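Trainee: Provided below: query-v7.txt, containing compact mmCIF, C-alpha atoms.
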```txt
# COMPACT_ATOMS: atom_id res chain seq x y z
CA MET A 1 94.88 107.11 123.58
CA THR A 2 95.51 103.45 124.40
CA THR A 3 99.25 103.87 125.05
CA LEU A 4 100.84 104.39 128.46
CA PRO A 5 104.44 105.58 129.11
CA GLU A 6 106.94 102.73 129.40
CA ASN A 7 107.98 103.51 132.97
CA PHE A 8 104.39 104.11 134.18
CA LYS A 9 103.00 101.44 136.54
CA PRO A 10 99.17 101.49 136.44
CA HIS A 11 96.93 99.25 138.50
CA ARG A 12 96.93 95.81 136.88
CA ALA A 13 93.16 95.96 136.27
CA VAL A 14 93.56 99.32 134.52
CA LYS A 15 96.45 97.99 132.43
CA LYS A 16 94.22 95.13 131.29
CA ILE A 17 91.53 97.64 130.27
CA PHE A 18 94.03 99.62 128.17
CA ASP A 19 95.34 96.42 126.56
CA LEU A 20 91.76 95.50 125.61
CA ARG A 21 91.20 98.99 124.18
CA ARG A 22 94.30 98.67 122.00
CA GLN A 23 92.98 95.34 120.79
CA MET A 24 89.60 96.92 119.93
CA ILE A 25 91.29 99.60 117.82
CA GLU A 26 93.64 97.14 116.10
CA THR A 27 90.89 94.65 115.19
CA GLY A 28 88.31 97.37 114.53
CA GLU A 29 85.66 95.34 116.38
CA GLY A 30 83.90 95.32 119.73
CA ILE A 31 84.41 98.98 120.57
CA ASP A 32 82.67 99.70 123.86
CA TRP A 33 81.07 102.83 125.30
CA ALA A 34 84.18 104.26 126.99
CA VAL A 35 86.29 103.91 123.84
CA GLY A 36 83.50 105.43 121.71
CA GLU A 37 83.44 108.45 124.01
CA ALA A 38 87.24 108.72 124.06
CA LEU A 39 87.28 108.60 120.24
CA ALA A 40 84.79 111.49 120.13
CA PHE A 41 86.91 113.55 122.55
CA ALA A 42 90.17 112.66 120.80
CA THR A 43 88.99 113.47 117.27
CA LEU A 44 87.60 116.82 118.42
CA ILE A 45 90.86 117.62 120.23
CA ILE A 46 92.96 116.77 117.17
CA GLU A 47 90.74 119.14 115.16
CA GLY A 48 91.74 121.88 117.62
CA ASN A 49 88.63 121.98 119.83
CA HIS A 50 88.72 122.26 123.60
CA VAL A 51 86.91 119.42 125.41
CA ARG A 52 85.92 119.96 129.03
CA LEU A 53 84.30 117.30 131.25
CA SER A 54 83.34 117.79 134.88
CA GLY A 55 81.06 116.10 137.36
CA GLN A 56 81.02 113.62 140.17
CA ASP A 57 83.83 111.06 139.82
CA VAL A 58 84.20 111.67 136.07
CA GLU A 59 87.96 111.07 135.89
CA ARG A 60 87.52 107.38 136.62
CA GLY A 61 83.80 107.29 135.76
CA THR A 62 81.18 106.36 138.36
CA PHE A 63 81.06 102.84 136.97
CA SER A 64 84.86 102.46 136.59
CA HIS A 65 84.61 102.62 132.82
CA ARG A 66 86.24 105.87 131.67
CA HIS A 67 89.73 105.96 133.25
CA SER A 68 90.59 109.30 131.66
CA VAL A 69 93.10 109.92 134.47
CA ILE A 70 95.15 107.00 135.73
CA HIS A 71 97.52 106.76 138.69
CA ASP A 72 100.97 105.21 139.01
CA GLN A 73 100.69 102.61 141.78
CA GLU A 74 104.20 103.31 143.09
CA THR A 75 104.72 107.07 142.76
CA GLY A 76 101.11 108.34 142.72
CA GLU A 77 101.86 110.24 139.52
CA GLN A 78 98.85 110.98 137.33
CA TYR A 79 98.66 110.43 133.57
CA CYS A 80 95.94 111.49 131.14
CA PRO A 81 96.16 109.72 127.75
CA LEU A 82 93.99 112.35 126.02
CA ASP A 83 96.64 114.97 126.87
CA HIS A 84 99.14 113.11 124.66
CA LEU A 85 97.41 112.61 121.32
CA VAL A 86 99.82 114.71 119.23
CA MET A 87 103.37 115.97 119.73
CA ASN A 88 103.61 119.01 122.02
CA GLN A 89 99.85 119.02 122.61
CA ASP A 90 98.49 122.03 124.48
CA ALA A 91 97.74 120.72 127.97
CA GLU A 92 94.59 122.84 128.11
CA LEU A 93 92.89 121.20 125.10
CA PHE A 94 91.41 118.49 127.30
CA THR A 95 90.17 119.23 130.81
CA VAL A 96 88.62 116.61 133.06
CA SER A 97 87.98 117.23 136.74
CA ASN A 98 86.02 115.63 139.53
CA SER A 99 83.64 118.16 141.05
CA SER A 100 81.98 118.53 144.42
CA LEU A 101 78.54 117.10 145.08
CA SER A 102 76.86 120.46 144.53
CA GLU A 103 75.00 119.85 141.28
CA PHE A 104 73.40 123.29 141.25
CA ALA A 105 76.70 125.18 141.55
CA VAL A 106 78.75 123.01 139.21
CA LEU A 107 76.13 122.76 136.44
CA GLY A 108 75.60 126.52 136.67
CA PHE A 109 79.34 127.09 136.25
CA GLU A 110 79.56 124.72 133.26
CA LEU A 111 76.54 126.40 131.64
CA GLY A 112 78.32 129.77 131.89
CA TYR A 113 81.53 128.23 130.57
CA SER A 114 79.75 126.76 127.53
CA MET A 115 78.11 130.11 126.71
CA GLU A 116 81.44 131.94 126.87
CA ASN A 117 83.18 129.20 124.84
CA PRO A 118 80.77 128.04 122.13
CA ASN A 119 83.55 126.20 120.27
CA SER A 120 84.36 124.01 123.27
CA LEU A 121 82.58 120.72 123.92
CA VAL A 122 81.50 121.20 127.54
CA LEU A 123 80.00 118.22 129.37
CA TRP A 124 78.64 117.79 132.88
CA GLU A 125 77.94 114.28 134.10
CA ALA A 126 75.91 113.40 137.18
CA GLN A 127 77.03 110.46 139.27
CA PHE A 128 73.54 109.05 138.74
CA GLY A 129 70.87 110.83 136.71
CA ASP A 130 68.67 110.86 139.81
CA PHE A 131 71.02 113.37 141.46
CA SER A 132 70.54 116.00 138.78
CA ASN A 133 67.38 117.26 140.51
CA GLY A 134 69.76 119.09 142.86
CA ALA A 135 70.30 121.38 139.85
CA GLN A 136 66.63 121.69 138.89
CA VAL A 137 66.75 125.51 139.03
CA ILE A 138 69.44 125.52 136.31
CA PHE A 139 67.35 123.27 134.06
CA ASP A 140 64.11 125.18 134.61
CA GLN A 141 65.31 128.79 134.54
CA PHE A 142 68.35 128.69 132.28
CA LEU A 143 69.03 125.61 130.17
CA SER A 144 65.51 124.90 128.89
CA SER A 145 64.51 128.52 128.29
CA GLY A 146 67.67 130.65 128.08
CA GLU A 147 67.63 130.95 124.30
CA SER A 148 63.94 131.90 124.31
CA LYS A 149 64.37 134.51 127.06
CA TRP A 150 67.78 136.00 126.28
CA LEU A 151 68.67 134.78 122.76
CA ARG A 152 71.80 133.11 124.16
CA GLN A 153 72.71 129.75 122.67
CA THR A 154 74.60 127.02 124.51
CA GLY A 155 75.86 123.63 123.35
CA LEU A 156 76.21 122.23 126.90
CA VAL A 157 76.00 118.41 127.11
CA VAL A 158 74.42 116.92 130.24
CA CYS A 159 75.04 113.19 130.78
CA LEU A 160 72.58 111.58 133.18
CA PRO A 161 73.04 107.83 133.90
CA HIS A 162 69.57 106.32 133.56
CA GLY A 163 68.18 102.79 133.49
CA TYR A 164 66.35 100.25 135.63
CA ASP A 165 68.90 97.77 137.01
CA GLY A 166 67.35 97.05 140.41
CA GLN A 167 69.38 99.66 142.29
CA GLY A 168 66.33 101.25 143.89
CA PRO A 169 64.39 104.53 143.57
CA GLU A 170 67.43 106.79 144.09
CA HIS A 171 69.61 105.13 141.43
CA SER A 172 67.31 104.31 138.51
CA SER A 173 65.81 107.37 136.87
CA ALA A 174 67.19 110.63 135.48
CA ARG A 175 63.58 111.83 135.24
CA LEU A 176 63.47 111.70 131.45
CA GLU A 177 59.85 112.85 131.56
CA ARG A 178 60.78 116.26 133.00
CA PHE A 179 63.14 117.11 130.15
CA LEU A 180 60.61 115.96 127.56
CA GLN A 181 57.79 117.89 129.24
CA MET A 182 59.88 121.08 129.04
CA SER A 183 60.47 120.57 125.31
CA ASP A 184 58.68 123.16 123.24
CA ASP A 185 57.87 121.27 120.02
CA ASN A 186 54.19 121.08 119.06
CA PRO A 187 52.99 117.45 119.32
CA TYR A 188 50.23 117.94 116.74
CA VAL A 189 52.24 119.58 113.95
CA ILE A 190 54.81 117.72 111.86
CA PRO A 191 57.54 120.30 111.18
CA GLU A 192 59.27 120.79 107.87
CA MET A 193 61.68 117.82 107.69
CA ASP A 194 64.34 119.17 105.33
CA PRO A 195 67.27 116.84 104.52
CA THR A 196 69.65 118.51 106.99
CA LEU A 197 66.96 118.64 109.74
CA ARG A 198 68.44 122.00 110.72
CA LYS A 199 65.11 123.72 110.94
CA GLN A 200 63.47 121.18 113.26
CA ILE A 201 66.38 121.27 115.71
CA GLN A 202 66.86 125.04 115.51
CA GLN A 203 63.20 125.61 116.35
CA CYS A 204 63.39 123.30 119.37
CA ASN A 205 64.70 124.46 122.76
CA TRP A 206 66.96 121.43 123.32
CA GLN A 207 67.68 117.84 122.30
CA VAL A 208 66.98 114.76 124.42
CA VAL A 209 68.60 111.47 123.42
CA ASN A 210 68.75 107.95 124.83
CA VAL A 211 71.42 106.33 122.68
CA THR A 212 72.19 102.61 122.66
CA THR A 213 75.42 102.19 120.68
CA PRO A 214 78.94 103.59 121.20
CA ALA A 215 79.05 104.80 117.57
CA ASN A 216 75.81 106.74 117.93
CA TYR A 217 77.13 108.37 121.12
CA PHE A 218 80.32 109.31 119.24
CA HIS A 219 78.32 110.97 116.47
CA VAL A 220 75.92 112.86 118.74
CA LEU A 221 78.85 114.37 120.68
CA ARG A 222 80.71 115.45 117.53
CA ARG A 223 77.48 116.85 116.07
CA GLN A 224 77.40 119.37 118.93
CA ILE A 225 80.59 121.05 117.68
CA HIS A 226 80.30 120.52 113.94
CA ARG A 227 77.15 122.62 113.60
CA ASP A 228 77.08 126.35 113.08
CA PHE A 229 74.51 126.79 115.85
CA ARG A 230 74.30 125.52 119.43
CA LYS A 231 71.62 123.57 121.31
CA PRO A 232 71.80 121.92 124.73
CA LEU A 233 71.99 118.13 124.63
CA ILE A 234 70.48 115.97 127.38
CA VAL A 235 71.87 112.41 127.27
CA MET A 236 70.26 109.56 129.17
CA SER A 237 73.57 107.76 129.50
CA PRO A 238 73.84 104.03 130.21
CA LYS A 239 75.00 102.04 133.21
CA ASN A 240 74.89 98.31 132.49
CA LEU A 241 75.35 98.90 128.75
CA LEU A 242 78.88 100.10 129.49
CA ARG A 243 79.93 96.44 129.63
CA HIS A 244 77.05 94.73 127.82
CA LYS A 245 78.21 92.05 125.37
CA ASP A 246 75.92 93.36 122.60
CA CYS A 247 76.45 97.09 123.17
CA LYS A 248 79.47 97.32 120.89
CA SER A 249 80.26 99.06 117.61
CA ASN A 250 82.71 98.31 114.83
CA LEU A 251 85.31 100.97 114.09
CA SER A 252 83.75 101.26 110.64
CA GLU A 253 80.59 102.73 112.23
CA PHE A 254 82.64 105.74 113.32
CA ASP A 255 83.54 106.68 109.75
CA ASP A 256 82.44 105.84 106.20
CA LEU A 257 85.60 104.16 104.96
CA ALA A 258 85.13 100.83 103.19
CA GLY A 259 86.66 97.82 104.85
CA HIS A 260 85.08 96.63 108.06
CA PRO A 261 81.79 94.72 107.98
CA GLY A 262 78.86 97.11 107.99
CA PHE A 263 80.90 100.14 106.92
CA ASP A 264 77.98 101.33 104.80
CA LYS A 265 75.37 101.13 107.57
CA GLN A 266 76.14 104.22 109.62
CA GLY A 267 78.49 106.60 107.88
CA THR A 268 79.49 109.81 109.58
CA ARG A 269 76.16 110.72 111.07
CA PHE A 270 73.99 110.32 114.13
CA LYS A 271 71.07 107.92 113.80
CA ARG A 272 67.92 109.41 115.28
CA LEU A 273 66.19 106.04 114.97
CA ILE A 274 67.82 102.63 114.60
CA LYS A 275 65.66 100.31 112.52
CA ASP A 276 65.17 96.62 113.24
CA GLN A 277 68.48 94.78 112.91
CA ASN A 278 67.04 91.79 111.03
CA ASN A 279 67.64 93.22 107.54
CA HIS A 280 63.96 93.74 106.79
CA LYS A 281 62.93 94.89 103.33
CA ASP A 282 61.18 98.20 102.64
CA LEU A 283 57.84 96.41 102.91
CA GLU A 284 57.30 93.59 105.42
CA GLU A 285 53.64 92.57 105.48
CA GLY A 286 54.33 89.47 107.61
CA ILE A 287 55.37 91.47 110.69
CA ASN A 288 52.40 91.71 113.06
CA ARG A 289 53.91 93.82 115.86
CA LEU A 290 56.18 96.88 115.78
CA VAL A 291 57.73 97.58 119.20
CA LEU A 292 59.14 101.08 119.57
CA CYS A 293 61.43 101.63 122.54
CA SER A 294 64.35 103.72 123.73
CA GLY A 295 67.46 102.92 125.74
CA LYS A 296 68.76 99.71 127.26
CA VAL A 297 65.38 97.92 127.37
CA TYR A 298 66.02 97.24 123.67
CA TYR A 299 68.71 94.68 124.47
CA GLU A 300 66.37 92.83 126.86
CA LEU A 301 63.59 92.84 124.27
CA ASP A 302 65.95 91.59 121.58
CA GLU A 303 67.20 88.75 123.79
CA GLU A 304 63.64 87.69 124.65
CA ARG A 305 62.69 87.82 120.96
CA ARG A 306 65.56 85.47 120.13
CA LYS A 307 64.59 83.10 122.96
CA SER A 308 60.93 82.99 121.95
CA GLU A 309 61.78 82.89 118.21
CA ARG A 310 59.40 85.74 117.38
CA THR A 311 60.34 86.44 113.76
CA ASP A 312 57.06 88.30 113.32
CA VAL A 313 58.05 91.13 115.70
CA ALA A 314 60.11 94.19 114.71
CA ILE A 315 61.91 96.29 117.34
CA CYS A 316 63.00 99.85 116.55
CA ARG A 317 65.00 102.14 118.84
CA VAL A 318 64.06 105.82 119.06
CA GLU A 319 67.53 107.23 119.83
CA GLN A 320 66.55 110.90 119.62
CA LEU A 321 63.32 111.53 121.49
CA CYS A 322 63.30 115.30 121.11
CA PRO A 323 62.92 116.70 118.55
CA PHE A 324 60.77 113.76 117.50
CA PRO A 325 61.90 111.92 114.33
CA TYR A 326 58.53 112.00 112.53
CA ASP A 327 60.06 111.13 109.16
CA LEU A 328 61.80 107.97 110.40
CA ILE A 329 58.81 106.84 112.47
CA GLN A 330 56.62 107.16 109.37
CA ARG A 331 59.19 105.22 107.35
CA GLU A 332 58.89 102.33 109.83
CA LEU A 333 55.08 102.53 109.94
CA LYS A 334 55.04 102.20 106.16
CA ARG A 335 57.49 99.30 106.29
CA TYR A 336 55.15 97.32 108.60
CA PRO A 337 51.61 98.10 107.36
CA ASN A 338 49.94 95.22 109.26
CA ALA A 339 51.78 95.61 112.56
CA GLU A 340 50.24 96.32 115.94
CA ILE A 341 52.04 99.44 117.29
CA VAL A 342 53.56 99.20 120.78
CA TRP A 343 55.48 101.68 122.91
CA CYS A 344 57.62 99.79 125.45
CA GLN A 345 59.49 101.42 128.33
CA GLU A 346 61.01 100.41 131.67
CA GLU A 347 59.70 103.42 133.55
CA PRO A 348 56.25 103.69 135.20
CA MET A 349 53.47 104.96 132.94
CA ASN A 350 53.50 108.45 134.49
CA MET A 351 57.26 108.71 133.89
CA GLY A 352 59.65 108.01 131.02
CA ALA A 353 58.87 109.02 127.45
CA TYR A 354 55.31 107.63 127.18
CA SER A 355 53.34 110.85 127.69
CA TYR A 356 55.67 112.68 125.27
CA ILE A 357 55.70 109.94 122.62
CA ASN A 358 51.95 109.26 122.64
CA PRO A 359 50.60 112.42 120.93
CA ARG A 360 53.54 112.65 118.51
CA LEU A 361 53.28 109.03 117.46
CA LEU A 362 49.54 109.56 117.01
CA THR A 363 50.23 112.58 114.74
CA ALA A 364 52.60 110.48 112.62
CA MET A 365 50.03 107.64 112.43
CA LYS A 366 47.10 109.87 111.48
CA VAL A 367 48.84 111.15 108.35
CA LEU A 368 49.22 107.53 107.21
CA GLY A 369 45.70 106.47 108.26
CA ARG A 370 47.03 104.05 110.86
CA GLY A 371 44.34 104.53 113.51
CA GLY A 372 43.75 106.52 116.68
CA ILE A 373 45.07 106.80 120.22
CA GLU A 374 43.66 103.40 121.18
CA ASP A 375 45.92 101.81 118.55
CA ILE A 376 49.07 102.77 120.47
CA LYS A 377 49.57 99.93 122.94
CA TYR A 378 51.55 100.65 126.13
CA VAL A 379 53.92 98.16 127.75
CA GLY A 380 55.78 99.23 130.87
CA ARG A 381 55.43 99.59 134.61
CA ALA A 382 52.15 100.75 136.16
CA PRO A 383 51.86 104.37 137.39
CA SER A 384 53.90 104.94 140.52
CA ALA A 385 54.87 107.72 142.93
CA ALA A 386 58.39 106.33 143.40
CA THR A 387 60.56 105.94 140.32
CA ALA A 388 61.39 102.31 141.12
CA THR A 389 60.95 99.56 143.69
CA GLY A 390 63.52 99.17 146.45
CA PHE A 391 63.42 95.37 146.29
CA TYR A 392 65.69 93.69 143.76
CA SER A 393 63.46 90.61 143.50
CA VAL A 394 60.43 92.80 142.71
CA HIS A 395 62.48 94.68 140.09
CA VAL A 396 63.42 91.41 138.36
CA GLN A 397 59.78 90.28 138.37
CA GLU A 398 58.54 93.60 136.94
CA GLN A 399 61.26 93.73 134.29
CA THR A 400 60.64 90.14 133.19
CA GLU A 401 56.89 90.72 132.97
CA LEU A 402 57.11 93.85 130.84
CA VAL A 403 59.63 92.30 128.42
CA GLN A 404 57.50 89.16 128.05
CA LYS A 405 54.33 91.20 127.65
CA ALA A 406 55.85 93.22 124.79
CA LEU A 407 56.50 89.94 122.97
CA GLN A 408 53.43 87.93 123.96
CA ARG A 409 51.74 86.08 121.12
CA ASP A 410 48.22 87.33 121.91
CA PRO A 411 47.29 90.87 120.81
CA LEU A 412 47.86 93.53 123.44
CA ASN A 413 44.62 95.03 124.73
CA TYR A 414 45.84 98.12 126.56
CA PRO A 415 44.28 100.51 127.60
CA PHE A 416 41.25 98.36 128.36
```
Would it be possible to restate this file's structure as structure tokens?
Mentor:
Amino acid sequence: MTTLPENFKPHRAVKKIFDLRRQMIETGEGIDWAVGEALAFATLIIEGNHVRLSGQDVERGTFSHRHSVIHDQETGEQYCPLDHLVMNQDAELFTVSNSSLSEFAVLGFELGYSMENPNSLVLWEAQFGDFSNGAQVIFDQFLSSGESKWLRQTGLVVCLPHGYDGQGPEHSSARLERFLQMSDDNPYVIPEMDPTLRKQIQQCNWQVVNVTTPANYFHVLRRQIHRDFRKPLIVMSPKNLLRHKDCKSNLSEFDDLAGHPGFDKQGTRFKRLIKDQNNHKDLEEGINRLVLCSGKVYYELDEERRKSERTDVAICRVEQLCPFPYDLIQRELKRYPNAEIVWCQEEPMNMGAYSYINPRLLTAMKVLGRGGIEDIKYVGRAPSAATATGFYSVHVQEQTELVQKALQRDPLNYPF
């Protein structure tokens, strides 16, 4: 998937990208988001599964990261590396096509396709997550409730670029809160958490994830096909993490073969929660704040923690928001018995995951005797009608303030 035909003349910038990808595979280090996704597609294709990706500008990728179809700069000929993984590969095993800007029509078509072809990995990607509200009818009437109403399962994957980068109110939010609000898990009942977690996911109407590593994205995509049931998957996909220096995975995190550093840390599974990366023991009484977050704000928090040398703060990433990972949250609460508990998000208080996380985190805390609702401290933007500010300078100020607040030395006194 990193090899181009000898006589093919790609754009020089694209050639450089493919050279870097080959280097990533050869060294087994620094694998970025696009390569992680391509590895997921390629391994599924080699196993004989059809992979279908459609959406707005998906061949190149909105953020010029995917390059699943490349163009000869002299002849205009097109070449798709994922069509040439094995000798005499069936050309239909991988389908990628740019769609029109009609989210409602295209998502509706892909939903039908995924229901008719449950053994295909079918993905629809919005150009920005904000634009998916053009397909709100499909989410409300079909995707969130189709199994409940008609007993029809679907494994459709919806990728919605989400994250606050200062691009304004139309290019910042995939409306995470709407998907979480439509989730049907009971916030006051901890379900039976059997080792396979089948039951919790089967009883839920869909899955909502906000993953932060290429390896975790790889595993969550493959999980869709390697189950013997189907659930829709809503992915808050990244924008600036596509090229972030720290958002990389080692090849060893994609499998469980010994060799590369950290081969034993991930194995062949999706991590619903990623624990603090500072190699903490099972009991850390010296940590006085546990910051729970989701998505790219983690990398900003981690950088600020390094700058301010806060060794007494633990940061955990909730990668799978729905269904809620009660067992792993409780594991972290037990690990840090003296820690102040903080939920940190980029979104305004009335958006993002806060209103979904709050009662579920409280339920997990109550079982362990860790306090009440007032003991969950909120750090994020204030309530707002618009998803984000239109001024870049204001965005930078807000983002800096919330990251610094999450790591301030004084105790947090929200909500009072």
Trainee: With distances taken over all atoms listed in the file, which of A:Ile31, A:Leu156, A:Leu273, A:Ala174 is nearest to Leu221 (chain A)?
Mentor: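 Going through A:Ile31, A:Leu156, A:Leu273, A:Ala174 one by one, the smallest distance to Leu221 (chain A) is for A:Leu156.
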Trainee: Excluding region 63-80 of chain A and residues on its chain fewer than 3 positions from it, collect all residues at most 8 Å away from it, counting only C-alpha atoms, and give them as an mmCIF file with C-alpha atoms, in the coordinates of the input.
Mentor:
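Final output, part.cif:
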```cif
data_model
loop_
_atom_site.group_PDB
_atom_site.id
_atom_site.type_symbol
_atom_site.label_atom_id
_atom_site.label_comp_id
_atom_site.auth_asym_id
_atom_site.auth_seq_id
_atom_site.Cartn_x
_atom_site.Cartn_y
_atom_site.Cartn_z
ATOM 1 C CA PHE A 8 104.390 104.110 134.180
ATOM 2 C CA LYS A 9 103.000 101.440 136.540
ATOM 3 C CA PRO A 10 99.170 101.490 136.440
ATOM 4 C CA HIS A 11 96.930 99.250 138.500
ATOM 5 C CA VAL A 14 93.560 99.320 134.520
ATOM 6 C CA ALA A 34 84.180 104.260 126.990
ATOM 7 C CA VAL A 58 84.200 111.670 136.070
ATOM 8 C CA GLU A 59 87.960 111.070 135.890
ATOM 9 C CA ARG A 60 87.520 107.380 136.620
ATOM 10 C CA ASP A 83 96.640 114.970 126.870
ATOM 11 C CA HIS A 84 99.140 113.110 124.660
ATOM 12 C CA VAL A 96 88.620 116.610 133.060
ATOM 13 C CA LYS A 239 75.000 102.040 133.210
ATOM 14 C CA LEU A 242 78.880 100.100 129.490
#
```
Trainee: One decimal, Å: what's the distance from CA of Glu29 (chain A) over to CA of Leu251 (chain A), could you say?
Mentor: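 For CA of Glu29 (chain A) relative to CA of Leu251 (chain A), the distance reads 6.1 Å.
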Trainee: If you measure from CA of Met193 (chain A) to CA of Ile373 (chain A), what distance in Å do you get, rounded to one decimal?
Mentor: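 These atoms are spaced 23.5 Å apart.
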Trainee: So, with only C-alpha atoms as the atoms that count, which of A:Ile46, A:Leu197, A:Ile17, A:Cys247 lies closest to Trp33 (chain A)?
Mentor: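 Once distances to Trp33 (chain A) are computed over only C-alpha atoms, the minimum belongs to A:Cys247.
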Trainee: Kindly provide, as a VMD selection string, the polymer residues lying within 10 Å of (77.1, 120.1, 133.8), counting all atoms listed in the file and using the coordinates exactly as they appear in the file.
Mentor: chain A and resid 53 to 56 99 103 to 114 122 to 126 132 135 138 156 to 160
Trainee: Region 363-366 of chain A: which residues within 8 Å, counting all atoms listed in the file, same-chain residues fewer than 3 positions away excluded, as a ChimeraX atom specification?
Mentor: /A:187-190,326,329-330,333,359-360,369-372
Trainee: Do a neighbour search on Asp312 (chain A) at 8 Å with all atoms listed in the file, toss out local chain neighbours closer than 2 positions, and write the hits as number ranges by chain.
Mentor: A: 286-289, 310, 314
Trainee: Please report the interatomic distance between CA of Val220 (chain A) and CA of Ser145 (chain A) in Å with one decimal.
Mentor: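 Atom-to-atom, CA of Val220 (chain A) to CA of Ser145 (chain A), that is 21.6 Å.
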Trainee: Could you give me, as a PDB file with C-alpha atoms, keeping the file's coordinate frame, the residues within 7 Å of Ser294 (chain A), counting only C-alpha atoms and dropping anything in the same chain fewer than 4 positions from it?
Mentor:
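The result, written out as selection-v2.pdb:
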```
ATOM      1  CA  ASN A 210      68.750 107.950 124.830  1.00  0.00           C
ATOM      2  CA  TYR A 298      66.020  97.240 123.670  1.00  0.00           C
ATOM      3  CA  ARG A 317      65.000 102.140 118.840  1.00  0.00           C
ATOM      4  CA  VAL A 318      64.060 105.820 119.060  1.00  0.00           C
ATOM      5  CA  GLU A 319      67.530 107.230 119.830  1.00  0.00           C
TER       6      GLU A 319
END
```
